[in-house]
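Visitor: Okay, so here is query.txt, and as you'll see once you scroll down, it has compact mmCIF, C-alpha atoms.
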```txt
# COMPACT_ATOMS: atom_id res chain seq x y z
CA MET A 1 152.22 -22.05 270.14
CA SER A 2 154.61 -19.46 268.71
CA LEU A 3 157.54 -19.13 266.35
CA TRP A 4 160.07 -17.86 268.91
CA GLU A 5 163.07 -19.77 270.19
CA GLU A 6 161.66 -20.84 273.52
CA SER A 7 158.67 -22.51 271.85
CA THR A 8 160.50 -24.22 269.02
CA ARG A 9 163.83 -25.30 270.47
CA VAL A 10 164.09 -28.87 271.70
CA PRO A 11 167.12 -30.97 272.64
CA LEU A 12 168.14 -33.64 270.15
CA TYR A 13 170.41 -36.50 271.17
CA ILE A 14 171.70 -39.07 268.73
CA VAL A 15 173.82 -41.99 269.86
CA THR A 16 175.27 -44.52 267.44
CA PRO A 17 177.59 -47.45 268.10
CA GLU A 18 180.42 -45.27 266.74
CA SER A 19 179.54 -42.24 268.89
CA LYS A 20 182.06 -40.77 271.26
CA GLY A 21 180.28 -39.71 274.43
CA GLY A 22 179.87 -36.06 275.32
CA THR A 23 180.20 -34.58 271.83
CA ASN A 24 178.14 -31.42 271.48
CA CYS A 25 176.97 -29.75 268.26
CA LYS A 26 175.58 -26.21 268.26
CA GLN A 27 174.16 -26.22 264.71
CA ALA A 28 170.49 -25.46 264.08
CA VAL A 29 168.77 -28.60 262.80
CA SER A 30 165.21 -29.84 262.40
CA LEU A 31 163.36 -32.84 263.75
CA LEU A 32 162.55 -33.50 260.07
CA ASP A 33 166.23 -34.46 259.79
CA ILE A 34 165.84 -37.55 261.99
CA TYR A 35 164.38 -39.88 259.36
CA PRO A 36 166.93 -39.03 256.63
CA THR A 37 169.66 -39.45 259.27
CA LEU A 38 168.41 -42.92 260.20
CA LEU A 39 168.26 -43.91 256.54
CA ASP A 40 171.81 -42.67 256.03
CA LEU A 41 173.13 -44.42 259.15
CA CYS A 42 171.51 -47.68 258.01
CA GLN A 43 172.98 -47.17 254.53
CA LEU A 44 169.52 -47.18 252.96
CA PRO A 45 168.63 -45.02 249.96
CA LEU A 46 167.52 -41.49 250.84
CA ALA A 47 164.03 -40.68 249.62
CA GLU A 48 164.05 -37.69 247.26
CA HIS A 49 160.77 -36.25 248.57
CA LEU A 50 161.91 -35.74 252.17
CA ASP A 51 162.17 -32.20 253.50
CA GLY A 52 164.85 -33.08 256.03
CA ARG A 53 168.50 -33.90 255.42
CA SER A 54 170.85 -36.40 256.97
CA LEU A 55 172.72 -35.20 260.03
CA LYS A 56 175.40 -37.84 259.55
CA PRO A 57 177.95 -35.23 258.43
CA LEU A 58 177.43 -33.45 261.77
CA LEU A 59 177.69 -36.72 263.65
CA ASP A 60 181.02 -37.31 261.93
CA ASN A 61 182.22 -33.72 262.48
CA PRO A 62 180.04 -31.64 264.87
CA SER A 63 182.06 -28.45 264.32
CA GLN A 64 181.79 -28.38 260.53
CA GLU A 65 180.03 -25.58 258.64
CA TRP A 66 176.27 -26.19 258.34
CA ASP A 67 174.49 -23.59 256.21
CA TYR A 68 171.09 -25.25 256.13
CA PRO A 69 168.44 -23.23 257.92
CA THR A 70 165.52 -24.82 259.73
CA LEU A 71 161.97 -23.90 258.71
CA ILE A 72 159.27 -23.80 261.36
CA SER A 73 155.61 -23.18 260.63
CA TRP A 74 152.74 -22.24 262.91
CA ARG A 75 149.19 -22.10 261.66
CA TYR A 76 148.60 -20.98 258.09
CA GLN A 77 151.42 -19.06 256.37
CA ASN A 78 153.32 -18.04 259.50
CA TYR A 79 156.96 -19.11 259.34
CA ALA A 80 160.24 -18.89 261.17
CA VAL A 81 163.62 -19.59 259.63
CA ARG A 82 166.32 -20.47 262.16
CA SER A 83 169.93 -20.33 261.08
CA ASN A 84 172.86 -20.75 263.42
CA ASN A 85 172.93 -17.10 264.50
CA PHE A 86 169.52 -15.69 263.57
CA ARG A 87 165.79 -16.31 263.79
CA TYR A 88 163.66 -14.70 261.11
CA ILE A 89 159.87 -14.71 261.43
CA GLN A 90 157.38 -13.80 258.72
CA TYR A 91 153.68 -13.71 259.47
CA ARG A 92 150.96 -14.11 256.86
CA ASP A 93 150.20 -10.39 257.07
CA GLY A 94 153.74 -9.69 255.83
CA SER A 95 155.14 -8.43 259.13
CA GLU A 96 158.68 -9.57 259.92
CA GLU A 97 160.96 -10.11 262.88
CA LEU A 98 164.68 -10.84 262.99
CA TYR A 99 166.64 -11.69 266.10
CA ASP A 100 170.43 -11.78 266.25
CA HIS A 101 171.22 -14.62 268.63
CA THR A 102 174.87 -13.60 268.92
CA LYS A 103 173.72 -10.38 270.66
CA ASP A 104 170.16 -11.15 271.73
CA PRO A 105 169.65 -14.85 272.59
CA ASP A 106 166.38 -14.07 274.39
CA GLU A 107 164.85 -12.43 271.30
CA PHE A 108 163.94 -9.12 272.89
CA ASN A 109 165.09 -6.82 270.06
CA ASN A 110 163.54 -7.15 266.63
CA VAL A 111 166.16 -5.90 264.15
CA ALA A 112 164.24 -6.79 260.96
CA HIS A 113 163.95 -3.12 259.98
CA ASP A 114 167.50 -2.18 260.90
CA ALA A 115 169.42 -1.47 257.67
CA ALA A 116 172.51 -3.17 259.13
CA TYR A 117 170.63 -6.48 258.97
CA SER A 118 169.09 -6.15 255.49
CA THR A 119 171.35 -8.86 254.03
CA GLN A 120 170.36 -11.28 256.78
CA VAL A 121 166.66 -10.50 256.35
CA GLU A 122 166.88 -11.12 252.61
CA TRP A 123 168.84 -14.37 253.02
CA HIS A 124 166.33 -15.76 255.53
CA ARG A 125 163.35 -14.50 253.52
CA GLN A 126 164.49 -16.69 250.60
CA HIS A 127 163.77 -19.78 252.70
CA ILE A 128 160.08 -18.99 253.22
CA PRO A 129 157.89 -21.24 251.05
CA GLN A 130 156.41 -19.43 248.05
CA ALA A 131 153.57 -21.88 247.52
CA THR A 132 151.70 -23.27 250.49
CA ALA A 133 148.86 -25.72 250.75
CA LEU A 134 145.64 -24.77 252.45
CA PRO A 135 144.89 -26.41 255.79
CA VAL A 136 143.29 -29.85 255.56
CA GLY A 137 139.57 -29.71 254.82
CA VAL A 138 139.65 -26.12 253.51
CA SER A 139 139.08 -25.24 249.84
CA GLU A 140 139.79 -21.52 250.27
CA TRP A 141 141.28 -19.40 253.03
CA ASN A 142 138.70 -17.45 255.02
CA GLY A 143 140.78 -16.89 258.12
CA ASP A 144 140.97 -18.60 261.48
CA GLU A 145 140.24 -17.66 265.08
CA ILE A 146 143.18 -15.26 265.14
CA ASP A 147 141.82 -13.37 262.13
CA ALA A 148 138.34 -13.38 263.71
CA ARG A 149 139.70 -11.92 266.97
CA ILE A 150 141.59 -9.15 265.14
CA GLU A 151 138.50 -8.32 263.11
CA GLU A 152 136.47 -8.19 266.33
CA TRP A 153 138.99 -5.78 267.88
CA LYS A 154 138.88 -3.58 264.78
CA THR A 155 135.08 -3.59 264.66
CA GLN A 156 134.74 -2.77 268.34
CA ASN A 157 137.64 -0.30 268.15
CA ASN A 158 139.37 -1.91 271.13
CA MET A 159 142.54 -3.35 269.65
CA PRO A 160 145.26 -3.62 272.32
CA GLU A 161 147.76 -0.74 272.08
CA TRP A 162 150.70 -3.11 271.69
CA LEU A 163 149.15 -4.56 268.51
CA LYS A 164 148.49 -1.25 266.76
```
Since I need it in another form, could you write the structure as structure tokens?
Guide:
Amino acid sequence: MSLWEESTRVPLYIVTPESKGGTNCKQAVSLLDIYPTLLDLCQLPLAEHLDGRSLKPLLDNPSQEWDYPTLISWRYQNYAVRSNNFRYIQYRDGSEELYDHTKDPDEFNNVAHDAAYSTQVEWHRQHIPQATALPVGVSEWNGDEIDARIEEWKTQNNMPEWLK
């Protein structure tokens, strides 16, 4: 129920007949990559419309360079982009977070507004979808329960200090 590491990280194990036991890969990948990987392993044609990519190159060489970030979404227009060393989060209100996992694996220090990380913010920002579909059954966006709660706080002038 969030875009931070602890909520979105899951273990992924892939074993093939050719696998050598105990090989570990530290690259950031997506569960959307499983289906393209299975197609590739079975030597079936890869479908062009899939969002994921085959992990077969990482199965063949787990230490190779892998510059494909993983996109995570939560609710409407809230995204995280996870690369090997960073997590970038952009909320639908435009606010941003960036965490440097080489220095801050627990994501305590948001460095999105630190000038030293401007290149990383811009690189990750490029992976946020520009066009998004509305949630199923909705013809226009009128907010959700989160928006309603924030509006209630504003109206009653009792927004929590940490959100101001």
Visitor: Please list, as a short mmCIF file (atom, residue, chain, number, x, y, z; two decimals) with C-alpha atoms, in the frame of the given file, the residues that have an atom at most 12 Å away from (166.3, -14.0, 271.8) in the coordinates of this file, counting all atoms listed in the file.
Guide:
```cif
data_model
loop_
_atom_site.label_atom_id
_atom_site.label_comp_id
_atom_site.auth_asym_id
_atom_site.auth_seq_id
_atom_site.Cartn_x
_atom_site.Cartn_y
_atom_site.Cartn_z
CA LEU A 3 157.54 -19.13 266.35
CA TRP A 4 160.07 -17.86 268.91
CA GLU A 5 163.07 -19.77 270.19
CA GLU A 6 161.66 -20.84 273.52
CA SER A 7 158.67 -22.51 271.85
CA ARG A 9 163.83 -25.30 270.47
CA ARG A 82 166.32 -20.47 262.16
CA ASN A 85 172.93 -17.10 264.50
CA PHE A 86 169.52 -15.69 263.57
CA ARG A 87 165.79 -16.31 263.79
CA TYR A 88 163.66 -14.70 261.11
CA GLU A 97 160.96 -10.11 262.88
CA LEU A 98 164.68 -10.84 262.99
CA TYR A 99 166.64 -11.69 266.10
CA ASP A 100 170.43 -11.78 266.25
CA HIS A 101 171.22 -14.62 268.63
CA THR A 102 174.87 -13.60 268.92
CA LYS A 103 173.72 -10.38 270.66
CA ASP A 104 170.16 -11.15 271.73
CA PRO A 105 169.65 -14.85 272.59
CA ASP A 106 166.38 -14.07 274.39
CA GLU A 107 164.85 -12.43 271.30
CA PHE A 108 163.94 -9.12 272.89
CA ASN A 109 165.09 -6.82 270.06
CA ASN A 110 163.54 -7.15 266.63
CA VAL A 111 166.16 -5.90 264.15
#
```
Visitor: Quick one: of A:Pro57, A:Gly94, A:Pro160, A:Pro129, who's nearest to Leu71 (chain A), counting only C-alpha atoms?
Guide: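 Smallest separation from Leu71 (chain A) among the options: A:Pro129.
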Visitor: Nearest to Tyr76 (chain A) among A:Thr132, A:Ala148, A:Ile89, A:Leu58, with distances taken over only C-alpha atoms: which residue is it?
Guide: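 The shortest atom-to-atom distance to Tyr76 (chain A) comes from A:Thr132.
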Visitor: Please determine, counting all atoms listed in the file, which residue among A:Leu41, A:Ala112, A:Met159, A:Ile34 has the shortest atom-to-atom distance to Arg125 (chain A).
Guide: A:Ala112
Visitor: Quick one: of A:Asp67, A:Asp51, A:Glu18, A:Glu122, who's nearest to Ser30 (chain A), counting all atoms listed in the file?
Guide: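 For Ser30 (chain A), the nearest of the candidates is A:Asp51.
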Visitor: Just the number, please: distance in Å from CA of Leu31 (chain A) to CA of Glu145 (chain A), one decimal.
Guide: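 Computing the Euclidean distance for CA of Leu31 (chain A) and CA of Glu145 (chain A) yields 27.7 Å.
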Visitor: When you draw a straight line from CA of Pro36 (chain A) to CA of Asn84 (chain A), how long is it in Å?
Guide: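 Answer for the CA of Pro36 (chain A) to CA of Asn84 (chain A) separation: 20.4 Å.
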Visitor: What does the distance between CA of Asn158 (chain A) and CA of Ile146 (chain A) come to in Å, to one decimal place?
Guide: 15.1 Å
